[in-house]
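**Student:** Input file: input_3.cif. Contents: mmCIF, C-alpha atoms.
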```
data_coords
#
loop_
_atom_site.group_PDB
_atom_site.id
_atom_site.type_symbol
_atom_site.label_atom_id
_atom_site.label_comp_id
_atom_site.auth_asym_id
_atom_site.auth_seq_id
_atom_site.Cartn_x
_atom_site.Cartn_y
_atom_site.Cartn_z
ATOM 1 C CA MET Z 1 35.035 -15.973 -0.454
ATOM 2 C CA ASN Z 2 32.496 -15.587 -3.240
ATOM 3 C CA SER Z 3 33.424 -17.808 -6.183
ATOM 4 C CA ALA Z 4 32.338 -15.117 -8.632
ATOM 5 C CA PHE Z 5 34.883 -12.730 -7.090
ATOM 6 C CA TRP Z 6 37.613 -13.928 -9.424
ATOM 7 C CA LEU Z 7 35.487 -13.570 -12.540
ATOM 8 C CA PHE Z 8 34.012 -10.139 -11.906
ATOM 9 C CA PRO Z 9 35.089 -7.126 -9.854
ATOM 10 C CA SER Z 10 33.505 -7.094 -6.409
ATOM 11 C CA SER Z 11 31.357 -4.107 -7.393
ATOM 12 C CA ALA Z 12 29.783 -6.172 -10.185
ATOM 13 C CA VAL Z 13 28.773 -9.036 -7.910
ATOM 14 C CA LYS Z 14 25.437 -8.087 -6.422
ATOM 15 C CA LYS Z 15 22.550 -10.089 -5.142
ATOM 16 C CA MET Z 16 19.680 -9.720 -7.549
ATOM 17 C CA LYS Z 17 16.249 -9.669 -5.995
ATOM 18 C CA LYS Z 18 13.448 -11.575 -7.627
ATOM 19 C CA ILE Z 19 11.079 -9.542 -9.769
ATOM 20 C CA SER Z 20 7.527 -10.497 -8.830
ATOM 21 C CA SER Z 21 5.788 -7.567 -10.528
ATOM 22 C CA VAL Z 22 6.611 -5.075 -13.225
ATOM 23 C CA GLU Z 23 6.313 -2.388 -10.533
ATOM 24 C CA ASP Z 24 9.474 -3.856 -8.967
ATOM 25 C CA LEU Z 25 11.481 -2.464 -11.878
ATOM 26 C CA GLN Z 26 12.665 1.084 -11.249
ATOM 27 C CA VAL Z 27 12.982 1.712 -14.986
ATOM 28 C CA TYR Z 28 9.301 0.802 -15.489
ATOM 29 C CA ARG Z 29 8.196 3.230 -12.767
ATOM 30 C CA LYS Z 30 10.321 6.029 -14.227
ATOM 31 C CA LEU Z 31 9.061 5.386 -17.777
ATOM 32 C CA CYS Z 32 5.455 5.535 -16.526
ATOM 33 C CA ALA Z 33 6.124 8.827 -14.741
ATOM 34 C CA LEU Z 34 7.745 10.186 -17.911
ATOM 35 C CA HIS Z 35 4.726 9.158 -19.996
ATOM 36 C CA LEU Z 36 2.287 10.830 -17.607
ATOM 37 C CA GLU Z 37 4.310 14.034 -17.662
ATOM 38 C CA ILE Z 38 4.498 13.992 -21.468
ATOM 39 C CA ASN Z 39 0.749 13.329 -21.644
ATOM 40 C CA ASP Z 40 0.059 16.432 -19.539
ATOM 41 C CA ILE Z 41 2.281 18.533 -21.791
ATOM 42 C CA THR Z 42 0.895 17.301 -25.120
ATOM 43 C CA ILE Z 43 -2.685 18.088 -24.085
ATOM 44 C CA LYS Z 44 -1.644 21.770 -24.202
ATOM 45 C CA PHE Z 45 -0.323 21.550 -27.780
ATOM 46 C CA PRO Z 46 -2.201 23.520 -30.446
ATOM 47 C CA GLU Z 47 -5.355 21.732 -31.621
ATOM 48 C CA PHE Z 48 -3.931 20.839 -35.037
ATOM 49 C CA GLU Z 49 -0.949 19.136 -33.320
ATOM 50 C CA LEU Z 50 -2.995 17.138 -30.794
ATOM 51 C CA TYR Z 51 -3.505 14.320 -33.287
ATOM 52 C CA GLU Z 52 -0.171 14.654 -35.066
ATOM 53 C CA LEU Z 53 2.915 15.353 -32.984
ATOM 54 C CA GLY Z 54 1.038 15.087 -29.694
ATOM 55 C CA ALA Z 55 -0.306 11.638 -30.538
ATOM 56 C CA GLN Z 56 3.116 10.440 -31.696
ATOM 57 C CA LEU Z 57 4.726 11.648 -28.468
ATOM 58 C CA ARG Z 58 2.048 10.021 -26.309
ATOM 59 C CA LYS Z 59 2.258 6.771 -28.284
ATOM 60 C CA SER Z 60 6.060 6.467 -28.174
ATOM 61 C CA SER Z 61 6.307 7.426 -24.504
ATOM 62 C CA ASN Z 62 3.606 4.897 -23.596
ATOM 63 C CA ALA Z 63 5.053 2.097 -25.747
ATOM 64 C CA ALA Z 64 8.248 1.878 -23.684
ATOM 65 C CA PRO Z 65 6.703 0.932 -20.307
ATOM 66 C CA ALA Z 66 4.017 -1.115 -22.061
ATOM 67 C CA SER Z 67 6.673 -3.240 -23.801
ATOM 68 C CA ILE Z 68 8.403 -3.926 -20.488
ATOM 69 C CA ALA Z 69 5.096 -4.904 -18.876
ATOM 70 C CA GLU Z 70 4.197 -7.203 -21.783
ATOM 71 C CA GLY Z 71 7.666 -8.755 -21.839
ATOM 72 C CA LEU Z 72 7.646 -9.451 -18.119
ATOM 73 C CA HIS Z 73 4.086 -10.796 -18.180
ATOM 74 C CA ASN Z 74 5.001 -13.183 -21.011
ATOM 75 C CA LYS Z 75 8.160 -14.140 -19.093
ATOM 76 C CA ARG Z 76 10.164 -12.944 -22.083
ATOM 77 C CA LEU Z 77 11.871 -9.845 -20.758
ATOM 78 C CA ASN Z 78 14.906 -10.424 -22.936
ATOM 79 C CA LEU Z 79 17.403 -8.430 -24.958
ATOM 80 C CA GLU Z 80 14.983 -8.112 -27.874
ATOM 81 C CA VAL Z 81 12.392 -6.425 -25.639
ATOM 82 C CA ILE Z 82 15.016 -4.103 -24.135
ATOM 83 C CA HIS Z 83 16.211 -3.085 -27.608
ATOM 84 C CA LYS Z 84 12.607 -2.370 -28.628
ATOM 85 C CA VAL Z 85 12.142 -0.186 -25.527
ATOM 86 C CA LEU Z 86 15.389 1.674 -26.250
ATOM 87 C CA GLY Z 87 14.091 2.332 -29.774
ATOM 88 C CA GLU Z 88 10.818 3.714 -28.418
ATOM 89 C CA LEU Z 89 12.759 5.888 -25.984
ATOM 90 C CA ASN Z 90 14.827 7.288 -28.859
ATOM 91 C CA GLY Z 91 11.589 7.974 -30.743
ATOM 92 C CA THR Z 92 10.259 9.853 -27.721
ATOM 93 C CA LYS Z 93 13.445 11.939 -27.599
ATOM 94 C CA HIS Z 94 13.058 12.736 -31.306
ATOM 95 C CA TYR Z 95 9.449 13.892 -30.896
ATOM 96 C CA LEU Z 96 10.396 15.955 -27.831
ATOM 97 C CA ASN Z 97 13.121 17.604 -29.890
ATOM 98 C CA ILE Z 98 10.642 18.464 -32.653
ATOM 99 C CA ALA Z 99 8.116 19.823 -30.127
ATOM 100 C CA PHE Z 100 10.845 21.981 -28.595
ATOM 101 C CA LYS Z 101 11.933 23.304 -32.000
ATOM 102 C CA LYS Z 102 8.285 24.188 -32.756
ATOM 103 C CA CYS Z 103 8.210 26.100 -29.420
ATOM 104 C CA TYR Z 104 5.524 23.867 -27.874
ATOM 105 C CA ILE Z 105 7.780 23.055 -24.900
ATOM 106 C CA LYS Z 106 9.785 25.558 -22.845
ATOM 107 C CA GLN Z 107 13.537 24.998 -22.710
ATOM 108 C CA SER Z 108 13.619 24.180 -18.978
ATOM 109 C CA LYS Z 109 10.868 21.553 -19.379
ATOM 110 C CA TYR Z 110 12.533 20.165 -22.505
ATOM 111 C CA GLU Z 111 15.868 19.770 -20.699
ATOM 112 C CA ASP Z 112 14.142 18.098 -17.738
ATOM 113 C CA LEU Z 113 12.313 15.626 -20.002
ATOM 114 C CA MET Z 114 15.496 14.842 -21.929
ATOM 115 C CA ARG Z 115 17.327 14.273 -18.631
ATOM 116 C CA GLN Z 116 14.592 11.855 -17.594
ATOM 117 C CA CYS Z 117 14.868 10.060 -20.952
ATOM 118 C CA ASP Z 118 18.636 9.759 -20.528
ATOM 119 C CA GLU Z 119 18.212 8.388 -17.008
ATOM 120 C CA CYS Z 120 15.729 5.790 -18.272
ATOM 121 C CA GLY Z 121 18.191 4.917 -21.036
ATOM 122 C CA ARG Z 122 20.954 4.304 -18.507
ATOM 123 C CA LEU Z 123 18.644 2.091 -16.434
ATOM 124 C CA LEU Z 124 17.662 0.156 -19.559
ATOM 125 C CA HIS Z 125 21.315 -0.389 -20.483
ATOM 126 C CA SER Z 126 21.973 -1.698 -16.962
ATOM 127 C CA LEU Z 127 19.008 -4.054 -17.282
ATOM 128 C CA GLU Z 128 20.297 -5.105 -20.703
ATOM 129 C CA LYS Z 129 23.697 -6.011 -19.223
ATOM 130 C CA SER Z 130 22.047 -7.913 -16.394
ATOM 131 C CA ILE Z 131 19.894 -9.939 -18.789
ATOM 132 C CA TYR Z 132 22.885 -10.573 -21.052
ATOM 133 C CA TRP Z 133 25.095 -11.920 -18.263
ATOM 134 C CA ARG Z 134 22.293 -14.021 -16.797
ATOM 135 C CA SER Z 135 21.697 -15.668 -20.166
ATOM 136 C CA LYS Z 136 25.373 -16.595 -20.616
ATOM 137 C CA PRO Z 137 26.257 -20.100 -19.476
ATOM 138 C CA SER Z 138 29.149 -20.207 -17.056
ATOM 139 C CA PRO Z 139 32.398 -21.373 -18.682
ATOM 140 C CA PHE Z 140 33.292 -23.156 -15.439
ATOM 141 C CA THR Z 141 31.865 -26.170 -13.727
ATOM 142 C CA LYS Z 142 31.518 -26.251 -9.960
ATOM 143 C CA ASN Z 143 34.729 -28.324 -9.662
ATOM 144 C CA GLN Z 144 36.659 -25.775 -11.718
ATOM 145 C CA PHE Z 145 35.490 -22.972 -9.380
ATOM 146 C CA THR Z 146 36.766 -24.946 -6.390
ATOM 147 C CA THR Z 147 40.092 -25.567 -8.093
ATOM 148 C CA ILE Z 148 40.513 -21.899 -9.043
ATOM 149 C CA ASN Z 149 39.637 -20.680 -5.560
ATOM 150 C CA ASN Z 150 41.994 -23.221 -3.925
ATOM 151 C CA ARG Z 151 44.871 -22.034 -6.121
ATOM 152 C CA ARG Z 152 44.315 -18.389 -5.210
ATOM 153 C CA GLN Z 153 44.234 -18.931 -1.464
#
```
Could I get this file's structure written as structure tokens?
**Tutor:**
Amino acid sequence: MNSAFWLFPSSAVKKMKKISSVEDLQVYRKLCALHLEINDITIKFPEFELYELGAQLRKSSNAAPASIAEGLHNKRLNLEVIHKVLGELNGTKHYLNIAFKKCYIKQSKYEDLMRQCDECGRLLHSLEKSIYWRSKPSPFTKNQFTTINNRRQ
């Protein structure tokens, strides 16, 4: 039986595959797709908003996947990077909300973009938990695991 079984529910014990490229991260791919979609929308903003709200939206939506790529490249994809990305994602949601209130985005498109932002947020929180638990040292030594498992059998 898996020694981690007694520490975590069986649903929480999963084999993690090695990340060899930033493209391996589903959250990165979804954030890139979100940015490209937002970029297409902001190009259609009124001319006076292209360099104001449009630029802010493009910048915040691009900063999230860029931060993940930089963090992974520097081998420092840690909680600090994830929190920064979550902040950028919240900024993107704010700018989308403003664009919707100014009637630059239709309601159906706005709801779809917000749904995508929420999905990326959930993926980021899952990644955050994974990084957190990987960084925690185990409170047990190998001998203690053996002892615990022998008692439970």
**Student:** Residues proximal to (10.5, 7.6, -26.7) were defined as those with any atom within 12 Å of that point in the file's coordinates, counting all atoms listed in the file. Which are they, as a PyMOL selection string?
**Tutor:** chain Z and resi 31-32+34-35+38+56-67+84-97+113-114+116-118+120-121
**Student:** Export, as a CSV table (one decimal), in the frame of the given file, the selected residues with C-alpha atoms.
**Tutor:**
```
chain,number,residue,atom,x,y,z
Z,31,LEU,CA,9.1,5.4,-17.8
Z,32,CYS,CA,5.5,5.5,-16.5
Z,34,LEU,CA,7.7,10.2,-17.9
Z,35,HIS,CA,4.7,9.2,-20.0
Z,38,ILE,CA,4.5,14.0,-21.5
Z,56,GLN,CA,3.1,10.4,-31.7
Z,57,LEU,CA,4.7,11.6,-28.5
Z,58,ARG,CA,2.0,10.0,-26.3
Z,59,LYS,CA,2.3,6.8,-28.3
Z,60,SER,CA,6.1,6.5,-28.2
Z,61,SER,CA,6.3,7.4,-24.5
Z,62,ASN,CA,3.6,4.9,-23.6
Z,63,ALA,CA,5.1,2.1,-25.7
Z,64,ALA,CA,8.2,1.9,-23.7
Z,65,PRO,CA,6.7,0.9,-20.3
Z,66,ALA,CA,4.0,-1.1,-22.1
Z,67,SER,CA,6.7,-3.2,-23.8
Z,84,LYS,CA,12.6,-2.4,-28.6
Z,85,VAL,CA,12.1,-0.2,-25.5
Z,86,LEU,CA,15.4,1.7,-26.2
Z,87,GLY,CA,14.1,2.3,-29.8
Z,88,GLU,CA,10.8,3.7,-28.4
Z,89,LEU,CA,12.8,5.9,-26.0
Z,90,ASN,CA,14.8,7.3,-28.9
Z,91,GLY,CA,11.6,8.0,-30.7
Z,92,THR,CA,10.3,9.9,-27.7
Z,93,LYS,CA,13.4,11.9,-27.6
Z,94,HIS,CA,13.1,12.7,-31.3
Z,95,TYR,CA,9.4,13.9,-30.9
Z,96,LEU,CA,10.4,16.0,-27.8
Z,97,ASN,CA,13.1,17.6,-29.9
Z,113,LEU,CA,12.3,15.6,-20.0
Z,114,MET,CA,15.5,14.8,-21.9
Z,116,GLN,CA,14.6,11.9,-17.6
Z,117,CYS,CA,14.9,10.1,-21.0
Z,118,ASP,CA,18.6,9.8,-20.5
Z,120,CYS,CA,15.7,5.8,-18.3
Z,121,GLY,CA,18.2,4.9,-21.0
```
**Student:** Ranking Z:Asp112, Z:Glu70, Z:Val27, Z:Phe48 by minimum distance to Glu128 in chain Z and counting all atoms listed in the file, which one comes first?
**Tutor:**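 With all atoms listed in the file as the atom set, the closest residue is Z:Val27.
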**Student:** Box along x, y and z, 5 Å on every side, all listed atoms of range 43-51 of chain Z inside: centre and edge lengths in Å to one decimal, as lines of an AutoDock Vina configuration file.
**Tutor:**
```
center_x = -2.8
center_y = 18.9
center_z = -29.6
size_x = 15.0
size_y = 19.2
size_z = 21.0
```
**Student:** Determine the nearest neighbour of Ser21 in chain Z from the options Z:Ala69, Z:Leu123, Z:Leu79, Z:Ile43, counting only C-alpha atoms.
**Tutor:**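 Ranking Z:Ala69, Z:Leu123, Z:Leu79, Z:Ile43 by distance to Ser21 in chain Z, first place goes to Z:Ala69.
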**Student:** Using all atoms listed in the file, can you list as a list in words the residues within 12 Å of (7.3, 23.7, -28.5)?
**Tutor:** Ile41, Thr42, Lys44, Phe45, Pro46, Glu49, Leu53, Gly54, Tyr95, Leu96, Asn97, Ile98, Ala99, Phe100, Lys101, Lys102, Cys103, Tyr104, Ile105, Lys106, Gln107, Ser108, Lys109 and Tyr110 of chain Z
**Student:** Reconstruct range 69-87 of chain Z at the level of N, CA and C atoms, and format the result as a PDB file, in the frame of the given file.
**Tutor:**
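Written output follows (out05.pdb):
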```pdb
ATOM      1  N   ALA Z  69       6.170  -4.178 -19.569  1.00  0.00           N
ATOM      2  CA  ALA Z  69       5.096  -4.904 -18.876  1.00  0.00           C
ATOM      3  C   ALA Z  69       4.700  -6.163 -19.645  1.00  0.00           C
ATOM      4  N   GLU Z  70       4.556  -6.040 -20.964  1.00  0.00           N
ATOM      5  CA  GLU Z  70       4.197  -7.203 -21.783  1.00  0.00           C
ATOM      6  C   GLU Z  70       5.297  -8.253 -21.753  1.00  0.00           C
ATOM      7  N   GLY Z  71       6.542  -7.810 -21.850  1.00  0.00           N
ATOM      8  CA  GLY Z  71       7.666  -8.755 -21.839  1.00  0.00           C
ATOM      9  C   GLY Z  71       7.774  -9.501 -20.526  1.00  0.00           C
ATOM     10  N   LEU Z  72       7.561  -8.804 -19.423  1.00  0.00           N
ATOM     11  CA  LEU Z  72       7.646  -9.451 -18.119  1.00  0.00           C
ATOM     12  C   LEU Z  72       6.457 -10.380 -17.897  1.00  0.00           C
ATOM     13  N   HIS Z  73       5.276  -9.959 -18.338  1.00  0.00           N
ATOM     14  CA  HIS Z  73       4.086 -10.796 -18.180  1.00  0.00           C
ATOM     15  C   HIS Z  73       4.227 -12.100 -18.972  1.00  0.00           C
ATOM     16  N   ASN Z  74       4.809 -11.995 -20.167  1.00  0.00           N
ATOM     17  CA  ASN Z  74       5.001 -13.183 -21.011  1.00  0.00           C
ATOM     18  C   ASN Z  74       6.252 -13.954 -20.637  1.00  0.00           C
ATOM     19  N   LYS Z  75       6.912 -13.532 -19.563  1.00  0.00           N
ATOM     20  CA  LYS Z  75       8.160 -14.140 -19.093  1.00  0.00           C
ATOM     21  C   LYS Z  75       9.220 -14.145 -20.202  1.00  0.00           C
ATOM     22  N   ARG Z  76       9.205 -13.090 -20.995  1.00  0.00           N
ATOM     23  CA  ARG Z  76      10.164 -12.944 -22.083  1.00  0.00           C
ATOM     24  C   ARG Z  76      10.807 -11.563 -22.058  1.00  0.00           C
ATOM     25  N   LEU Z  77      11.150 -11.106 -20.857  1.00  0.00           N
ATOM     26  CA  LEU Z  77      11.871  -9.845 -20.758  1.00  0.00           C
ATOM     27  C   LEU Z  77      13.315 -10.147 -21.129  1.00  0.00           C
ATOM     28  N   ASN Z  78      13.595 -10.050 -22.424  1.00  0.00           N
ATOM     29  CA  ASN Z  78      14.906 -10.424 -22.936  1.00  0.00           C
ATOM     30  C   ASN Z  78      15.542  -9.242 -23.665  1.00  0.00           C
ATOM     31  N   LEU Z  79      16.673  -9.502 -24.282  1.00  0.00           N
ATOM     32  CA  LEU Z  79      17.403  -8.430 -24.958  1.00  0.00           C
ATOM     33  C   LEU Z  79      16.586  -7.814 -26.091  1.00  0.00           C
ATOM     34  N   GLU Z  80      15.799  -8.622 -26.776  1.00  0.00           N
ATOM     35  CA  GLU Z  80      14.983  -8.112 -27.874  1.00  0.00           C
ATOM     36  C   GLU Z  80      13.977  -7.067 -27.359  1.00  0.00           C
ATOM     37  N   VAL Z  81      13.351  -7.360 -26.234  1.00  0.00           N
ATOM     38  CA  VAL Z  81      12.392  -6.425 -25.639  1.00  0.00           C
ATOM     39  C   VAL Z  81      13.107  -5.138 -25.213  1.00  0.00           C
ATOM     40  N   ILE Z  82      14.265  -5.284 -24.585  1.00  0.00           N
ATOM     41  CA  ILE Z  82      15.016  -4.103 -24.135  1.00  0.00           C
ATOM     42  C   ILE Z  82      15.415  -3.235 -25.323  1.00  0.00           C
ATOM     43  N   HIS Z  83      15.834  -3.855 -26.418  1.00  0.00           N
ATOM     44  CA  HIS Z  83      16.211  -3.085 -27.608  1.00  0.00           C
ATOM     45  C   HIS Z  83      14.995  -2.359 -28.193  1.00  0.00           C
ATOM     46  N   LYS Z  84      13.844  -3.010 -28.156  1.00  0.00           N
ATOM     47  CA  LYS Z  84      12.607  -2.370 -28.628  1.00  0.00           C
ATOM     48  C   LYS Z  84      12.291  -1.148 -27.762  1.00  0.00           C
ATOM     49  N   VAL Z  85      12.421  -1.290 -26.450  1.00  0.00           N
ATOM     50  CA  VAL Z  85      12.142  -0.186 -25.527  1.00  0.00           C
ATOM     51  C   VAL Z  85      13.127   0.958 -25.748  1.00  0.00           C
ATOM     52  N   LEU Z  86      14.399   0.623 -25.967  1.00  0.00           N
ATOM     53  CA  LEU Z  86      15.389   1.674 -26.250  1.00  0.00           C
ATOM     54  C   LEU Z  86      15.038   2.418 -27.537  1.00  0.00           C
ATOM     55  N   GLY Z  87      14.534   1.694 -28.528  1.00  0.00           N
ATOM     56  CA  GLY Z  87      14.091   2.332 -29.774  1.00  0.00           C
ATOM     57  C   GLY Z  87      12.923   3.278 -29.539  1.00  0.00           C
TER      58      GLY Z  87
END
```
